[in-house]
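Colleague: Have a look at this one before I ask anything.
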Amino acid sequence: MEHFLTTTAKLQTEQATRACETLQNTVQLASAPPAPGAMAEVLELAGASYKRAADLQIGWLRDWTRWGLYAQSLDGANTVPKYVERVGNIALQAQAQVNAQAEQWSELMDNVGVSYGFWLTRQLEARDKGGS
C-alpha cells in the first residue's frame with residue numbers, strides 16, 4: 001500500500017514532467033510557422049475545453065442551488081438528536097459536492113493537458129516529416 005505522501009509526490013512529479021515536456025514542445029512548435037489548419041484545430045480544442053468548463057459550472061450552480069434549498073430546511077428536526085443529524089447531513093452533502101467539483105475540474109484539466117499534448121505531438125511529427 002502506497003503512502004499518501006509518496007503517491008502525492010509521484011503524481012505531482014509526473015504532472016510537472018508532462019507540463020515541462022508540453023512547454024518544451026510548444027516552444028519548439030512556435031519556432032516555425034504552423035501547419036495549415038493547425039490554428040483551427042487548436043482553437044477547436046480550446047472551444048471544446050471552454051464549453052466543457054461552462055457545462056461544469058452550470059451543473060455546479062444547479063447542484064449548489066439544490067443543496068441550498070435542502071440546507072435551509074430543517075424539516076423533521078424536532079429533537080436535538082434529529083437536529084444534529086440533519087446539520088451533519090447538510091455539512092456532509094456540502095463536502096461531497098466540493099469533492100465532486102474538485103474531481104470533475106481536475107479531470108477536465110487532465111483531459112485538456114492530454115488532448116493538447118497529443119495535438120502538439122502530432123503537429124511536431126507532421127512538421128518533422130515535412131522537413132525531412
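If you're wondering about the labels, chains in the C-alpha cells are A, B, ... by order shown, residues count from 1 in each chain, ligands from 1 in order shown.
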If we count only C-alpha atoms and set the cut-off at 9 Å, which residues sit around A:Ala35, ignoring sequence neighbours fewer than 4 positions away in its own chain? Please answer as a PyMOL selection string.
Modeller: chain A and resi 39+123+126-127
Colleague: Take the residues from that selection and put them in a file with C-alpha atoms, as an mmCIF file, in the first residue's frame.
Modeller:
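Wrote it out as result.cif, contents follow:
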data_model
loop_
_atom_site.group_PDB
_atom_site.id
_atom_site.type_symbol
_atom_site.label_atom_id
_atom_site.label_comp_id
_atom_site.auth_asym_id
_atom_site.auth_seq_id
_atom_site.Cartn_x
_atom_site.Cartn_y
_atom_site.Cartn_z
ATOM 1 C CA MET A 39 -4.613 27.047 -35.638
ATOM 2 C CA GLN A 123 1.992 18.796 -35.109
ATOM 3 C CA ALA A 126 3.970 16.301 -39.175
ATOM 4 C CA ARG A 127 6.462 19.142 -39.253
#
Colleague: Which distance in Å separates atom CA of A:Arg86 and atom CA of A:Gln104, to one decimal?
Modeller: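 Between atom CA of A:Arg86 and atom CA of A:Gln104 the gap is 26.8 Å.
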Colleague: From the DSSP assignment of the backbone, select every residue of stretch 35-91 of chain A that is alpha helix (DSSP H), and format the answer as number ranges by chain.
Modeller: A: 38-71, 80-91
Colleague: Once you have the residues from the selection above, write them out as a short mmCIF file (atom, residue, chain, number, x, y, z; two decimals), in the first residue's frame, restricted to C-alpha atoms.
Modeller:
data_model
loop_
_atom_site.label_atom_id
_atom_site.label_comp_id
_atom_site.auth_asym_id
_atom_site.auth_seq_id
_atom_site.Cartn_x
_atom_site.Cartn_y
_atom_site.Cartn_z
CA ALA A 38 -3.22 23.84 -37.07
CA MET A 39 -4.61 27.05 -35.64
CA ALA A 40 -8.17 25.99 -36.45
CA GLU A 41 -7.55 22.67 -34.68
CA VAL A 42 -6.14 24.26 -31.55
CA LEU A 43 -8.99 26.79 -31.47
CA GLU A 44 -11.45 23.91 -31.77
CA LEU A 45 -9.72 22.20 -28.85
CA ALA A 46 -9.87 25.41 -26.81
CA GLY A 47 -13.54 25.90 -27.67
CA ALA A 48 -14.40 22.35 -26.60
CA SER A 49 -12.49 22.86 -23.34
CA TYR A 50 -14.28 26.13 -22.69
CA LYS A 51 -17.68 24.53 -23.38
CA ARG A 52 -16.93 21.66 -21.00
CA ALA A 53 -15.85 24.11 -18.28
CA ALA A 54 -19.02 26.15 -18.79
CA ASP A 55 -21.15 23.00 -18.65
CA LEU A 56 -19.46 22.00 -15.40
CA GLN A 57 -20.16 25.41 -13.90
CA ILE A 58 -23.81 25.26 -14.93
CA GLY A 59 -24.11 21.87 -13.29
CA TRP A 60 -22.35 23.07 -10.16
CA LEU A 61 -24.69 26.04 -9.89
CA ARG A 62 -27.67 23.72 -10.22
CA ASP A 63 -26.23 21.35 -7.59
CA TRP A 64 -25.44 24.16 -5.13
CA THR A 65 -28.92 25.61 -5.62
CA ARG A 66 -30.44 22.24 -4.74
CA TRP A 67 -28.12 21.95 -1.75
CA GLY A 68 -29.08 25.45 -0.60
CA LEU A 69 -32.76 24.58 -0.72
CA TYR A 70 -32.07 21.39 1.23
CA ALA A 71 -29.82 23.16 3.75
CA VAL A 80 -31.86 17.62 19.38
CA PRO A 81 -30.54 14.29 18.01
CA LYS A 82 -32.51 14.72 14.77
CA TYR A 83 -31.32 18.32 14.52
CA VAL A 84 -27.69 17.25 14.96
CA GLU A 85 -28.18 14.50 12.37
CA ARG A 86 -29.74 16.94 9.89
CA VAL A 87 -26.99 19.54 10.34
CA GLY A 88 -24.39 16.80 9.93
CA ASN A 89 -26.05 15.63 6.71
CA ILE A 90 -26.08 19.19 5.39
CA ALA A 91 -22.35 19.50 6.04
#
Colleague: What lies within 9 Å of stretch 17-20 of chain A using only C-alpha atoms, ignoring chain neighbours under 4 positions off, as a list in words?
Modeller: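 Surrounding residues, per the criterion: Gln12, Thr13, Gln24, Asn25, Gly113, Val114 and Gly117 of chain A.
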Colleague: Would you mind exporting the chosen residues as a PDB file, in the first residue's frame, restricted to N, CA and C atoms?
Modeller:
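Result file part.pdb:
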ATOM      1  N   GLN A  12       2.482  14.524  -8.489  1.00  0.00           N
ATOM      2  CA  GLN A  12       2.902  15.894  -8.776  1.00  0.00           C
ATOM      3  C   GLN A  12       4.144  15.919  -9.656  1.00  0.00           C
ATOM      4  N   THR A  13       5.059  14.986  -9.433  1.00  0.00           N
ATOM      5  CA  THR A  13       6.269  14.905 -10.260  1.00  0.00           C
ATOM      6  C   THR A  13       5.900  14.545 -11.700  1.00  0.00           C
ATOM      7  N   GLN A  24       8.094  22.623 -23.521  1.00  0.00           N
ATOM      8  CA  GLN A  24       9.229  22.473 -24.440  1.00  0.00           C
ATOM      9  C   GLN A  24       8.723  22.242 -25.863  1.00  0.00           C
ATOM     10  N   ASN A  25       7.733  21.381 -26.040  1.00  0.00           N
ATOM     11  CA  ASN A  25       7.179  21.118 -27.366  1.00  0.00           C
ATOM     12  C   ASN A  25       6.454  22.332 -27.928  1.00  0.00           C
ATOM     13  N   GLY A 113      -4.897  18.832 -20.858  1.00  0.00           N
ATOM     14  CA  GLY A 113      -3.453  18.647 -20.996  1.00  0.00           C
ATOM     15  C   GLY A 113      -3.096  17.498 -21.914  1.00  0.00           C
ATOM     16  N   VAL A 114      -3.792  16.387 -21.768  1.00  0.00           N
ATOM     17  CA  VAL A 114      -3.532  15.215 -22.616  1.00  0.00           C
ATOM     18  C   VAL A 114      -3.907  15.522 -24.069  1.00  0.00           C
ATOM     19  N   GLY A 117      -1.410  17.973 -25.501  1.00  0.00           N
ATOM     20  CA  GLY A 117      -0.140  17.276 -25.692  1.00  0.00           C
ATOM     21  C   GLY A 117      -0.172  16.364 -26.909  1.00  0.00           C
TER      22      GLY A 117
END
Colleague: To one decimal place in Å, what is the distance between atom CA of A:Ala30 and atom CA of A:Glu107?
Modeller: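 Separation between atom CA of A:Ala30 and atom CA of A:Glu107: 27.2 Å.
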